[in-house]
$ cat final-v3.txt   # compact mmCIF, C-alpha atoms and all ligand atoms
# COMPACT_ATOMS: atom_id res chain seq x y z
CA MET A 3 4.56 29.78 -17.83
CA SER A 4 2.28 28.14 -20.36
CA GLN A 5 -0.02 26.09 -18.13
CA PRO A 6 -0.11 25.01 -14.50
CA THR A 7 1.17 21.48 -13.94
CA ARG A 8 1.42 21.31 -10.15
CA PHE A 9 -1.68 21.52 -7.97
CA THR A 10 -1.05 22.10 -4.29
CA LEU A 11 -3.17 22.60 -1.19
CA SER A 12 -2.30 24.40 2.04
CA GLN A 13 -1.71 22.79 5.44
CA SER A 14 -5.23 23.74 6.51
CA ASP A 15 -6.49 21.43 3.71
CA ILE A 16 -5.00 18.31 5.35
CA PRO A 17 -8.14 16.15 5.69
CA LYS A 18 -9.81 16.18 9.10
CA GLN A 19 -11.48 12.79 8.57
CA TRP A 20 -10.62 9.46 6.98
CA TYR A 21 -13.22 7.97 4.65
CA ASN A 22 -14.59 4.46 5.27
CA LEU A 23 -15.82 2.70 2.13
CA ASN A 24 -17.48 0.06 4.34
CA ALA A 25 -20.28 2.57 4.87
CA ASP A 26 -21.08 2.64 1.15
CA PHE A 27 -20.44 -0.85 -0.25
CA PRO A 28 -23.70 -2.06 -1.85
CA GLU A 29 -23.14 -5.42 -0.09
CA PRO A 30 -21.41 -5.77 3.30
CA LEU A 31 -17.89 -7.10 3.50
CA PRO A 32 -17.77 -10.83 4.49
CA PRO A 33 -16.57 -11.06 8.14
CA PRO A 34 -13.20 -12.50 9.19
CA LEU A 35 -13.46 -16.09 10.51
CA HIS A 36 -11.83 -17.86 13.44
CA PRO A 37 -9.09 -20.18 12.04
CA GLY A 38 -10.21 -23.07 14.28
CA THR A 39 -14.03 -22.86 14.44
CA LYS A 40 -14.42 -21.16 11.01
CA GLN A 41 -17.12 -18.98 12.65
CA PRO A 42 -17.18 -15.17 12.32
CA ILE A 43 -14.92 -13.70 14.99
CA PRO A 44 -16.09 -10.79 17.10
CA PRO A 45 -13.84 -7.71 16.80
CA GLU A 46 -12.76 -8.23 20.47
CA ALA A 47 -10.86 -11.34 19.40
CA LEU A 48 -8.37 -9.01 17.73
CA LEU A 49 -7.53 -7.33 21.06
CA ALA A 50 -4.73 -9.85 21.67
CA ILE A 51 -2.69 -8.18 18.95
CA PHE A 52 -4.26 -4.74 18.29
CA PRO A 53 -5.33 -1.93 20.66
CA GLU A 54 -9.05 -1.34 21.14
CA ASN A 55 -9.18 1.98 19.25
CA LEU A 56 -7.75 0.35 16.08
CA VAL A 57 -10.01 -2.70 16.47
CA GLN A 58 -12.97 -0.28 16.48
CA GLN A 59 -11.69 1.31 13.28
CA GLU A 60 -11.27 -2.14 11.73
CA ALA A 61 -14.92 -2.99 12.37
CA THR A 62 -16.65 0.37 12.02
CA ARG A 63 -19.36 1.05 9.44
CA GLU A 64 -19.24 4.83 10.13
CA ARG A 65 -18.60 6.75 6.92
CA TRP A 66 -16.12 9.21 8.47
CA VAL A 67 -13.49 8.69 11.16
CA GLU A 68 -11.98 11.74 12.87
CA ILE A 69 -8.20 12.26 12.36
CA PRO A 70 -6.75 13.35 15.73
CA GLU A 71 -4.99 16.72 15.81
CA GLU A 72 -1.74 14.99 16.93
CA VAL A 73 -1.77 12.86 13.75
CA ARG A 74 -2.60 15.84 11.51
CA ASP A 75 0.34 17.71 13.10
CA VAL A 76 2.72 14.93 12.04
CA TYR A 77 1.06 14.65 8.59
CA ALA A 78 1.91 18.34 8.20
CA LEU A 79 5.60 17.31 7.83
CA TRP A 80 4.77 16.24 4.25
CA ARG A 81 1.02 16.62 3.63
CA PRO A 82 -0.84 17.74 1.61
CA THR A 83 1.17 16.01 -1.10
CA PRO A 84 1.22 17.51 -4.61
CA LEU A 85 -0.81 16.48 -7.64
CA LEU A 86 1.12 16.92 -10.88
CA ARG A 87 0.28 16.76 -14.54
CA ALA A 88 2.91 14.76 -16.44
CA VAL A 89 2.99 16.99 -19.53
CA ARG A 90 6.47 15.85 -20.61
CA LEU A 91 5.47 12.21 -20.44
CA GLU A 92 2.30 13.01 -22.45
CA LYS A 93 4.51 14.68 -25.07
CA ALA A 94 6.97 11.78 -25.19
CA LEU A 95 4.07 9.39 -25.73
CA GLN A 96 2.46 11.76 -28.28
CA THR A 97 -0.84 11.06 -26.62
CA PRO A 98 -3.98 13.18 -26.41
CA ALA A 99 -4.44 11.76 -22.88
CA HIS A 100 -3.90 14.05 -19.89
CA ILE A 101 -1.87 12.24 -17.24
CA TYR A 102 -2.06 13.28 -13.57
CA TYR A 103 -0.25 11.76 -10.64
CA LYS A 104 -0.53 12.15 -6.89
CA TYR A 105 2.98 12.02 -5.44
CA GLU A 106 3.41 10.28 -2.07
CA GLY A 107 7.20 9.85 -2.38
CA GLY A 108 7.97 13.19 -0.69
CA SER A 109 7.23 11.85 2.80
CA PRO A 110 10.22 11.40 5.17
CA ALA A 111 10.25 7.63 4.57
CA GLY A 112 9.70 8.05 0.82
CA SER A 113 6.26 6.46 0.41
CA HIS A 114 2.59 6.49 1.39
CA LYS A 115 3.21 4.01 4.23
CA VAL A 116 3.70 6.77 6.84
CA ASN A 117 0.06 7.83 6.42
CA THR A 118 -0.89 4.76 8.44
CA SER A 119 2.26 4.14 10.51
CA VAL A 120 1.85 7.55 12.16
CA ALA A 121 -1.83 6.89 12.85
CA GLN A 122 -1.14 3.38 14.21
CA ALA A 123 1.72 4.53 16.44
CA TYR A 124 -0.45 7.36 17.78
CA PHE A 125 -3.45 5.13 18.59
CA ASN A 126 -1.16 2.55 20.21
CA LYS A 127 0.51 5.25 22.30
CA VAL A 128 -2.79 6.54 23.67
CA ALA A 129 -3.89 2.93 24.36
CA GLY A 130 -0.79 2.38 26.53
CA THR A 131 1.23 0.16 24.16
CA LYS A 132 4.98 0.29 24.85
CA ARG A 133 6.37 -1.64 21.89
CA LEU A 134 5.24 -2.51 18.34
CA ALA A 135 6.22 -5.61 16.37
CA SER A 136 5.85 -5.81 12.62
CA GLU A 137 7.26 -7.28 9.42
CA THR A 138 8.65 -5.64 6.33
CA GLY A 139 9.54 -6.78 2.81
CA ALA A 140 11.97 -4.42 1.15
CA GLY A 141 11.82 -2.08 4.14
CA GLN A 142 9.35 0.63 3.06
CA TRP A 143 6.87 -0.31 5.75
CA GLY A 144 9.48 -1.06 8.42
CA SER A 145 11.15 2.30 7.94
CA SER A 146 7.79 4.10 8.02
CA LEU A 147 6.88 2.36 11.27
CA ALA A 148 10.34 3.02 12.76
CA LEU A 149 9.88 6.75 12.15
CA ALA A 150 6.35 6.79 13.60
CA CYS A 151 7.47 4.88 16.72
CA GLN A 152 10.34 7.31 17.16
CA ILE A 153 7.94 10.27 16.97
CA PHE A 154 5.51 8.82 19.54
CA GLY A 155 8.12 7.22 21.84
CA LEU A 156 7.44 3.50 21.21
CA GLU A 157 9.96 0.68 20.80
CA CYS A 158 9.89 -0.84 17.32
CA ASN A 159 10.83 -4.44 16.51
CA VAL A 160 10.83 -5.34 12.81
CA TYR A 161 11.14 -8.76 11.08
CA MET A 162 12.58 -8.07 7.64
CA VAL A 163 12.34 -10.71 4.87
CA LYS A 164 15.85 -12.21 4.80
CA VAL A 165 16.54 -11.80 1.10
CA SER A 166 15.86 -8.04 1.42
CA TYR A 167 17.74 -7.78 4.73
CA ASP A 168 20.82 -9.11 2.91
CA HIS A 169 20.39 -7.37 -0.44
CA LYS A 170 18.66 -4.08 0.45
CA PRO A 171 20.76 -2.63 3.27
CA TYR A 172 19.71 1.02 2.97
CA ARG A 173 16.18 0.77 4.36
CA ARG A 174 17.54 -1.45 7.12
CA MET A 175 19.97 1.39 7.92
CA LEU A 176 17.07 3.85 7.79
CA MET A 177 15.20 1.73 10.37
CA HIS A 178 18.30 1.70 12.58
CA THR A 179 18.68 5.47 12.18
CA TRP A 180 15.10 5.90 13.40
CA GLY A 181 15.87 3.66 16.40
CA ALA A 182 14.23 0.34 15.45
CA THR A 183 15.53 -3.19 16.10
CA VAL A 184 15.60 -5.25 12.88
CA HIS A 185 15.83 -9.07 12.53
CA ALA A 186 16.36 -11.02 9.31
CA SER A 187 13.31 -13.30 8.95
CA PRO A 188 13.16 -16.26 9.45
CA SER A 189 15.01 -15.38 12.66
CA ASP A 190 16.11 -17.13 15.84
CA GLN A 191 13.85 -14.79 17.84
CA THR A 192 10.68 -16.89 17.48
CA GLU A 193 9.74 -20.54 17.68
CA TYR A 194 8.36 -20.44 14.13
CA GLY A 195 11.55 -18.85 12.78
CA ARG A 196 13.77 -21.39 14.57
CA LYS A 197 11.66 -24.26 13.16
CA LEU A 198 12.04 -22.94 9.60
CA LEU A 199 15.79 -22.37 10.04
CA ALA A 200 16.23 -25.93 11.34
CA GLU A 201 14.48 -27.23 8.20
CA ASP A 202 16.45 -24.95 5.87
CA PRO A 203 19.18 -22.63 7.20
CA HIS A 204 19.11 -20.78 3.84
CA ASN A 205 15.37 -20.02 3.87
CA ALA A 206 15.16 -16.66 2.04
CA GLY A 207 11.97 -15.67 3.87
CA SER A 208 8.67 -14.23 2.70
CA LEU A 209 6.21 -11.62 3.89
CA GLY A 210 3.87 -14.38 5.12
CA ILE A 211 6.65 -15.86 7.30
CA ALA A 212 7.69 -12.45 8.65
CA ILE A 213 4.06 -11.70 9.61
CA SER A 214 3.90 -15.01 11.53
CA GLU A 215 7.09 -14.09 13.41
CA ALA A 216 5.85 -10.59 14.26
CA ILE A 217 2.55 -11.98 15.57
CA GLU A 218 4.35 -14.59 17.69
CA ASP A 219 6.63 -11.86 19.05
CA THR A 220 3.54 -9.77 19.92
CA VAL A 221 1.71 -12.43 21.89
CA LYS A 222 4.87 -13.44 23.78
CA HIS A 223 6.00 -9.94 24.85
CA PRO A 224 3.90 -8.01 27.39
CA GLY A 225 3.19 -4.39 26.41
CA THR A 226 3.62 -5.27 22.72
CA LYS A 227 1.06 -4.90 19.95
CA TYR A 228 1.24 -5.88 16.31
CA SER A 229 1.14 -3.43 13.43
CA LEU A 230 0.44 -4.23 9.78
CA GLY A 231 1.34 -1.92 6.88
CA SER A 232 -1.38 -2.92 4.43
CA VAL A 233 -4.34 -5.27 3.79
CA LEU A 234 -6.52 -4.48 6.85
CA ASN A 235 -9.55 -2.17 6.84
CA HIS A 236 -8.05 0.39 9.23
CA VAL A 237 -4.90 0.63 7.10
CA CYS A 238 -6.94 1.32 3.94
CA LEU A 239 -8.93 3.84 6.00
CA HIS A 240 -5.82 5.80 7.02
CA GLN A 241 -4.61 5.94 3.43
CA THR A 242 -7.77 7.73 2.21
CA VAL A 243 -6.15 11.10 2.95
CA ILE A 244 -4.52 10.54 -0.47
CA GLY A 245 -7.80 10.41 -2.40
CA GLU A 246 -9.56 13.08 -0.34
CA GLU A 247 -6.79 15.55 -1.20
CA THR A 248 -6.80 14.45 -4.83
CA LEU A 249 -10.53 15.14 -5.22
CA LYS A 250 -9.85 18.79 -4.32
CA GLN A 251 -6.73 19.00 -6.47
CA MET A 252 -8.49 17.66 -9.58
CA VAL A 253 -10.99 20.51 -9.11
CA LEU A 254 -8.03 22.93 -9.12
CA ALA A 255 -6.85 21.26 -12.35
CA GLY A 256 -10.34 21.69 -13.80
CA GLU A 257 -10.66 18.03 -14.87
CA GLU A 258 -12.29 14.78 -13.82
CA PRO A 259 -10.37 11.51 -14.24
CA ASP A 260 -11.73 8.93 -16.68
CA VAL A 261 -9.41 6.13 -15.55
CA ILE A 262 -7.68 5.82 -12.16
CA PHE A 263 -4.72 3.50 -11.46
CA GLY A 264 -2.80 2.31 -8.43
CA CYS A 265 -0.34 -0.51 -7.88
CA CYS A 266 -1.49 -3.30 -5.56
CA GLY A 267 0.62 -5.19 -3.02
CA GLY A 268 -1.71 -5.62 -0.07
CA GLY A 269 -3.90 -2.90 -1.60
CA SER A 270 -3.43 0.11 0.70
CA ASN A 271 -2.05 2.86 -1.59
CA PHE A 272 -4.58 1.83 -4.25
CA ALA A 273 -7.35 1.99 -1.63
CA GLY A 274 -6.07 5.36 -0.45
CA LEU A 275 -6.42 6.98 -3.84
CA VAL A 276 -9.47 5.18 -5.17
CA PHE A 277 -11.85 4.65 -2.22
CA PRO A 278 -12.93 8.33 -2.20
CA TYR A 279 -13.55 7.98 -5.96
CA LEU A 280 -15.47 4.74 -5.35
CA ARG A 281 -17.69 6.71 -2.95
CA ARG A 282 -18.62 8.94 -5.88
CA LYS A 283 -18.97 5.98 -8.22
CA ILE A 284 -21.40 4.30 -5.80
CA THR A 285 -23.30 7.29 -4.41
CA GLU A 286 -23.23 9.69 -7.39
CA LYS A 287 -23.18 7.08 -10.19
CA LYS A 288 -19.92 8.44 -11.64
CA SER A 289 -18.48 6.25 -14.37
CA TYR A 290 -14.77 6.14 -13.50
CA ARG A 291 -12.79 3.08 -14.61
CA ILE A 292 -10.60 2.07 -11.69
CA VAL A 293 -7.68 -0.30 -12.25
CA GLY A 294 -5.49 -2.11 -9.72
CA VAL A 295 -2.09 -3.05 -11.14
CA GLU A 296 0.02 -5.96 -9.91
CA PRO A 297 3.11 -7.94 -10.95
CA SER A 298 2.60 -10.94 -13.28
CA ALA A 299 4.91 -12.80 -10.85
CA CYS A 300 2.42 -12.36 -7.96
CA PRO A 301 -0.94 -12.06 -9.74
CA THR A 302 -3.33 -12.07 -6.79
CA LEU A 303 -6.21 -10.08 -8.32
CA THR A 304 -5.87 -11.36 -11.88
CA LYS A 305 -5.17 -15.06 -11.22
CA GLY A 306 -5.95 -15.62 -7.51
CA GLU A 307 -9.06 -17.27 -6.12
CA LEU A 308 -11.65 -15.37 -4.07
CA ARG A 309 -11.91 -17.42 -0.87
CA TYR A 310 -11.19 -17.40 2.83
CA ASP A 311 -7.45 -17.64 3.50
CA PHE A 312 -4.88 -16.88 6.17
CA GLY A 313 -2.94 -13.62 6.11
CA ASP A 314 0.29 -15.38 7.13
CA THR A 315 2.21 -18.59 6.48
CA ALA A 316 1.96 -20.10 9.98
CA GLU A 317 -1.87 -19.85 9.94
CA THR A 318 -2.08 -17.63 13.03
CA THR A 319 -4.25 -14.80 11.62
CA PRO A 320 -8.04 -14.91 11.26
CA LEU A 321 -9.28 -16.16 7.88
CA MET A 322 -10.13 -13.29 5.54
CA MET A 323 -12.26 -13.38 2.39
CA MET A 324 -9.84 -12.19 -0.27
CA TYR A 325 -8.27 -12.89 -3.63
CA THR A 326 -5.34 -15.14 -2.78
CA LEU A 327 -2.65 -17.28 -4.34
CA GLY A 328 -2.67 -19.42 -1.19
CA HIS A 329 -0.90 -18.55 2.06
CA LYS A 330 1.95 -20.97 1.30
CA PHE A 331 2.71 -19.24 -2.03
CA MET A 332 6.37 -18.17 -2.21
CA PRO A 333 6.52 -15.32 -4.73
CA PRO A 334 9.59 -15.17 -6.98
CA SER A 335 12.07 -12.47 -5.95
CA ILE A 336 11.08 -9.59 -8.21
CA HIS A 337 12.43 -6.08 -7.58
CA ALA A 338 9.06 -4.72 -6.47
CA GLY A 339 9.48 -6.32 -3.02
CA GLY A 340 6.40 -4.51 -1.70
CA LEU A 341 4.11 -6.28 -4.18
CA ARG A 342 5.12 -9.82 -3.15
CA TYR A 343 2.12 -10.73 -0.99
CA HIS A 344 -0.03 -13.81 -1.56
CA GLY A 345 -3.33 -12.10 -0.63
CA MET A 346 -5.14 -8.82 -1.12
CA SER A 347 -7.00 -6.41 1.15
CA PRO A 348 -10.51 -7.82 1.78
CA MET A 349 -11.96 -4.38 0.92
CA VAL A 350 -10.11 -4.18 -2.41
CA SER A 351 -11.06 -7.83 -3.10
CA HIS A 352 -14.71 -7.02 -2.36
CA ALA A 353 -14.62 -4.03 -4.73
CA LEU A 354 -13.28 -6.31 -7.49
CA LYS A 355 -15.90 -8.97 -6.79
CA LEU A 356 -18.66 -6.33 -7.01
CA GLY A 357 -17.31 -5.16 -10.38
CA LEU A 358 -16.43 -1.69 -9.04
CA ILE A 359 -12.78 -2.02 -10.08
CA GLU A 360 -10.67 -3.98 -12.59
CA ALA A 361 -7.19 -5.47 -12.40
CA GLU A 362 -4.19 -5.84 -14.73
CA ALA A 363 -0.80 -7.55 -14.33
CA TYR A 364 2.57 -6.53 -15.85
CA HIS A 365 5.98 -8.17 -16.16
CA GLN A 366 8.87 -6.41 -14.47
CA THR A 367 10.82 -5.61 -17.68
CA ASN A 368 7.72 -3.78 -18.92
CA VAL A 369 7.46 -2.02 -15.56
CA PHE A 370 11.09 -0.83 -15.57
CA GLU A 371 10.75 0.35 -19.17
CA ALA A 372 7.80 2.54 -18.10
CA ALA A 373 9.62 3.65 -14.92
CA THR A 374 12.69 4.75 -16.89
CA LEU A 375 10.55 6.60 -19.44
CA PHE A 376 8.82 8.38 -16.56
CA ALA A 377 12.12 9.26 -14.84
CA ARG A 378 13.60 10.61 -18.07
CA ASN A 379 10.61 12.86 -18.73
CA GLU A 380 9.26 13.79 -15.31
CA GLY A 381 12.47 13.58 -13.26
CA ILE A 382 11.20 11.52 -10.34
CA VAL A 383 12.65 7.99 -10.17
CA PRO A 384 9.63 5.87 -9.18
CA ALA A 385 9.64 3.02 -6.69
CA PRO A 386 9.47 -0.28 -8.63
CA GLU A 387 6.10 -0.93 -6.90
CA SER A 388 4.61 2.40 -8.02
CA ALA A 389 6.00 1.88 -11.53
CA HIS A 390 3.45 -0.89 -12.06
CA ALA A 391 0.78 1.82 -12.16
CA ILE A 392 2.93 3.76 -14.64
CA ALA A 393 3.17 0.74 -16.98
CA ALA A 394 -0.65 0.57 -17.05
CA VAL A 395 -0.94 4.35 -17.60
CA VAL A 396 1.52 4.23 -20.51
CA LYS A 397 -0.51 1.44 -22.12
CA GLU A 398 -3.75 3.43 -21.71
CA ALA A 399 -2.13 6.63 -23.04
CA LEU A 400 -0.92 4.76 -26.14
CA LYS A 401 -4.41 3.36 -26.64
CA ALA A 402 -5.78 6.93 -26.46
CA ARG A 403 -3.26 7.90 -29.16
CA GLU A 404 -4.32 5.03 -31.43
CA GLU A 405 -7.97 5.92 -30.98
CA GLY A 406 -7.29 9.68 -31.23
CA LYS A 407 -9.36 10.23 -28.06
CA LYS A 408 -8.54 12.51 -25.13
CA ARG A 409 -8.77 10.73 -21.80
CA VAL A 410 -7.90 11.94 -18.33
CA LEU A 411 -5.70 9.43 -16.52
CA LEU A 412 -4.83 9.63 -12.83
CA PHE A 413 -2.45 7.45 -10.84
CA ASN A 414 -0.83 7.22 -7.44
CA LEU A 415 2.95 7.52 -7.47
CA SER A 416 3.18 5.81 -4.10
CA GLY A 417 6.94 6.19 -3.54
CA HIS A 418 10.32 7.17 -4.92
CA GLY A 419 12.91 4.65 -6.04
CA LEU A 420 16.10 6.31 -4.80
CA LEU A 421 16.88 3.32 -2.58
CA ASP A 422 16.07 0.91 -5.44
CA LEU A 423 18.73 2.12 -7.86
CA SER A 424 20.47 -1.25 -8.03
CA ALA A 425 17.28 -2.63 -9.62
CA TYR A 426 17.44 0.19 -12.18
CA GLU A 427 21.10 -0.64 -12.82
CA THR A 428 20.19 -4.28 -13.46
CA TYR A 429 17.52 -3.12 -15.93
CA LEU A 430 19.80 -0.60 -17.66
CA HIS A 431 22.51 -3.25 -18.10
CA GLY A 432 19.95 -5.47 -19.84
CA LYS A 433 20.15 -8.05 -17.07
CA LEU A 434 16.58 -7.82 -15.76
CA GLN A 435 14.54 -10.92 -16.41
CA ASP A 436 10.86 -11.75 -16.17
CA VAL A 437 10.05 -14.52 -13.73
C1 LIG A 501 6.20 2.41 -2.76
C2 LIG A 501 5.25 1.30 -2.48
N1 LIG A 501 4.11 1.24 -3.19
C3 LIG A 501 3.22 0.24 -2.98
C4 LIG A 501 3.46 -0.77 -2.08
C5 LIG A 501 2.48 -1.88 -1.94
O1 LIG A 501 1.75 -1.85 -0.77
P1 LIG A 501 0.23 -1.45 -0.78
O2 LIG A 501 -0.45 -2.29 -1.82
O3 LIG A 501 -0.24 -1.69 0.59
O4 LIG A 501 0.16 -0.01 -1.15
C6 LIG A 501 4.63 -0.75 -1.31
C7 LIG A 501 4.89 -1.79 -0.30
O5 LIG A 501 5.88 -1.84 0.34
C8 LIG A 501 5.53 0.31 -1.52
O6 LIG A 501 6.67 0.36 -0.82
$ encode --input "final-v3.txt" --output "structure tokens"
Amino acid sequence: MSQPTRFTLSQSDIPKQWYNLNADFPEPLPPPLHPGTKQPIPPEALLAIFPENLVQQEATRERWVEIPEEVRDVYALWRPTPLLRAVRLEKALQTPAHIYYKYEGGSPAGSHKVNTSVAQAYFNKVAGTKRLASETGAGQWGSSLALACQIFGLECNVYMVKVSYDHKPYRRMLMHTWGATVHASPSDQTEYGRKLLAEDPHNAGSLGIAISEAIEDTVKHPGTKYSLGSVLNHVCLHQTVIGEETLKQMVLAGEEPDVIFGCCGGGSNFAGLVFPYLRRKITEKKSYRIVGVEPSACPTLTKGELRYDFGDTAETTPLMMMYTLGHKFMPPSIHAGGLRYHGMSPMVSHALKLGLIEAEAYHQTNVFEAATLFARNEGIVPAPESAHAIAAVVKEALKAREEGKKRVLLFNLSGHGLLDLSAYETYLHGKLQDV
């Protein structure tokens, strides 16, 4: 074999702690505000919907948070995940750049989302929660939560954005297989859903609406807590196992990344890979360029405003300081369902505001072109969400070729696209359009 291209760790290398970037930000994160009084809310106010142990993680400024043995045991089903060098893609692009990717698509649910669903289900279980309510777009998060609830013996009730419920049946089936109850949102299960259906029986739904339904479900059902798959501090925290493993794997590869990329929906897979690198950028003055990549159709980081906004459509969540397109924004129905969120993680937003990261946006035809090139050279069919990072990597690799400069590029391949093949078919038949 000419050169190693796959860098793996052993089960004993599964991180023992999550990393909290809130300990190292040069300026503290602006606090969440009460929607009525507009005053900072104390963490206890979140206890109506989250268990105390997760509320503590949401607010903590500790640099390291212990990963319980029970969570590491479940992580061992798919972690540590591999780091690969995409030598065939480099060759196809005739680039001097070295391209590395961390692959999270080998988890049972096919994406990074289980890194936090398992942790959230575990902490809810030990806090005495009996049932979790949540929302899902295309079903990546819902299926990850369904699996985690099944493992820890919790009921799981998921509100799935209606357009995906109708058009993306396979993740719905996956949720059913793992024992969850799934409602098309807006649904007749909540007052908010019934109100929207009365106004428009054909309402196609949105992530913001589904979040409102899941929160209403939580406060109305005893023994139920709410679970969110992205955006919040504790979710970004749980995802840092990705970057902590990658730091070790890049040492095995004998290189340091120059530019690091991740796609951004609510920001959690991006946070997972890049926050450990941001620690080094802040504390060791490393000069990595770090780029969040989003769809042009939902350009939160590149065109949104940095201001306090609600996380959901019905205005039930606390106000968070974040880049936002406005909580009433209805994103067009692009194939990367997981990137259709009006806001962005407050931590990722803060990193952008402080100039620690950059952001780029790509149209979906460009994204599918890059995804197909990747699949044809590296084999893995990427999730349309993850393929946004690939589009940015391809652009950077071509720039390296033009300039004749070697650069080390690293990205997070956050999921596989084997349940998104109809989107690929649309692209391959020349029917995909930019919106
Ligand atoms: C494969 C994949 N990548 C990325 C995302 C975007 O979410 P986040 O920004 O929280 O990583 C999703 C969301 O569903 C996803 O399924």
$ residues_near_ligand --input "final-v3.txt" --ligand "ligand LIG 501 (chain A)" --cutoff "9 Å" --atoms "only C-alpha atoms and all ligand atoms" --output "PyMOL selection string"
chain A and resi 106-107+112-115+138-144+231-233+237-238+241+264-274+296+338-343+346-347+384-389+414-419
$ residues_around --input "final-v3.txt" --residues "A:Ile69" --least-positions-apart "4" --cutoff "7 Å" --atoms "all atoms listed in the file" --output "list of chain:residue names"
A:Lys18, A:Gln19, A:Trp20, A:Val73, A:Arg74
$ closest_atom_pairs --input "final-v3.txt" --of "stretch 220-277 of chain A" --to "stretch 148-164 of chain A" --cutoff "10 Å" --atoms "all atoms listed in the file" --output "CSV"
residue,atom,partner,partner_atom,distance
A:Thr220,CA,A:Asn159,CA,9.7
A:Thr226,CA,A:Glu157,CA,8.9
A:Tyr228,CA,A:Asn159,CA,9.7
A:Ser229,CA,A:Val160,CA,9.9
$ closest_residue --input "final-v3.txt" --among "A:Leu147, A:Val76, A:Leu327, A:Ala372" --to "A:Met177" --atoms "only C-alpha atoms"
A:Leu147
$ residues_around --input "final-v3.txt" --residues "stretch 308-311 of chain A" --least-positions-apart "6" --cutoff "12 Å" --atoms "all atoms listed in the file" --output "mmCIF file with C-alpha atoms, in the frame of the given file"
data_model
loop_
_atom_site.group_PDB
_atom_site.id
_atom_site.type_symbol
_atom_site.label_atom_id
_atom_site.label_comp_id
_atom_site.auth_asym_id
_atom_site.auth_seq_id
_atom_site.Cartn_x
_atom_site.Cartn_y
_atom_site.Cartn_z
ATOM 1 C CA PRO A 32 -17.770 -10.830 4.490
ATOM 2 C CA PRO A 33 -16.570 -11.060 8.140
ATOM 3 C CA PRO A 34 -13.200 -12.500 9.190
ATOM 4 C CA LEU A 35 -13.460 -16.090 10.510
ATOM 5 C CA HIS A 36 -11.830 -17.860 13.440
ATOM 6 C CA PRO A 37 -9.090 -20.180 12.040
ATOM 7 C CA LYS A 40 -14.420 -21.160 11.010
ATOM 8 C CA GLN A 41 -17.120 -18.980 12.650
ATOM 9 C CA PRO A 42 -17.180 -15.170 12.320
ATOM 10 C CA GLY A 210 3.870 -14.380 5.120
ATOM 11 C CA THR A 302 -3.330 -12.070 -6.790
ATOM 12 C CA GLU A 317 -1.870 -19.850 9.940
ATOM 13 C CA THR A 318 -2.080 -17.630 13.030
ATOM 14 C CA THR A 319 -4.250 -14.800 11.620
ATOM 15 C CA PRO A 320 -8.040 -14.910 11.260
ATOM 16 C CA LEU A 321 -9.280 -16.160 7.880
ATOM 17 C CA MET A 322 -10.130 -13.290 5.540
ATOM 18 C CA MET A 323 -12.260 -13.380 2.390
ATOM 19 C CA MET A 324 -9.840 -12.190 -0.270
ATOM 20 C CA TYR A 325 -8.270 -12.890 -3.630
ATOM 21 C CA THR A 326 -5.340 -15.140 -2.780
ATOM 22 C CA LEU A 327 -2.650 -17.280 -4.340
ATOM 23 C CA GLY A 328 -2.670 -19.420 -1.190
ATOM 24 C CA HIS A 329 -0.900 -18.550 2.060
ATOM 25 C CA LYS A 330 1.950 -20.970 1.300
ATOM 26 C CA PHE A 331 2.710 -19.240 -2.030
ATOM 27 C CA HIS A 344 -0.030 -13.810 -1.560
ATOM 28 C CA GLY A 345 -3.330 -12.100 -0.630
ATOM 29 C CA MET A 346 -5.140 -8.820 -1.120
ATOM 30 C CA SER A 347 -7.000 -6.410 1.150
ATOM 31 C CA PRO A 348 -10.510 -7.820 1.780
ATOM 32 C CA VAL A 350 -10.110 -4.180 -2.410
ATOM 33 C CA SER A 351 -11.060 -7.830 -3.100
ATOM 34 C CA HIS A 352 -14.710 -7.020 -2.360
ATOM 35 C CA ALA A 353 -14.620 -4.030 -4.730
ATOM 36 C CA LEU A 354 -13.280 -6.310 -7.490
ATOM 37 C CA LYS A 355 -15.900 -8.970 -6.790
ATOM 38 C CA LEU A 356 -18.660 -6.330 -7.010
#
$ residues_around --input "final-v3.txt" --residues "A:Tyr102" --least-positions-apart "4" --cutoff "9 Å" --atoms "all atoms listed in the file" --output "MDAnalysis selection string"
chainID A and resid 7 85:89 252 259 410:414
$ axis_aligned_box --input "final-v3.txt" --around "stretch 120-130 of chain A" --padding-each-side "4 Å" --output "AutoDock Vina command-line options"
--center_x -1.0 --center_y 5.0 --center_z 19.3 --size_x 13.7 --size_y 13.2 --size_z 22.4
$ residues_near_point --input "final-v3.txt" --point "(21.1, -3.8, 5.7)" --cutoff "10 Å" --atoms "all atoms listed in the file" --output "ChimeraX atom specification"
/A:141,162,164,166-178,184,186
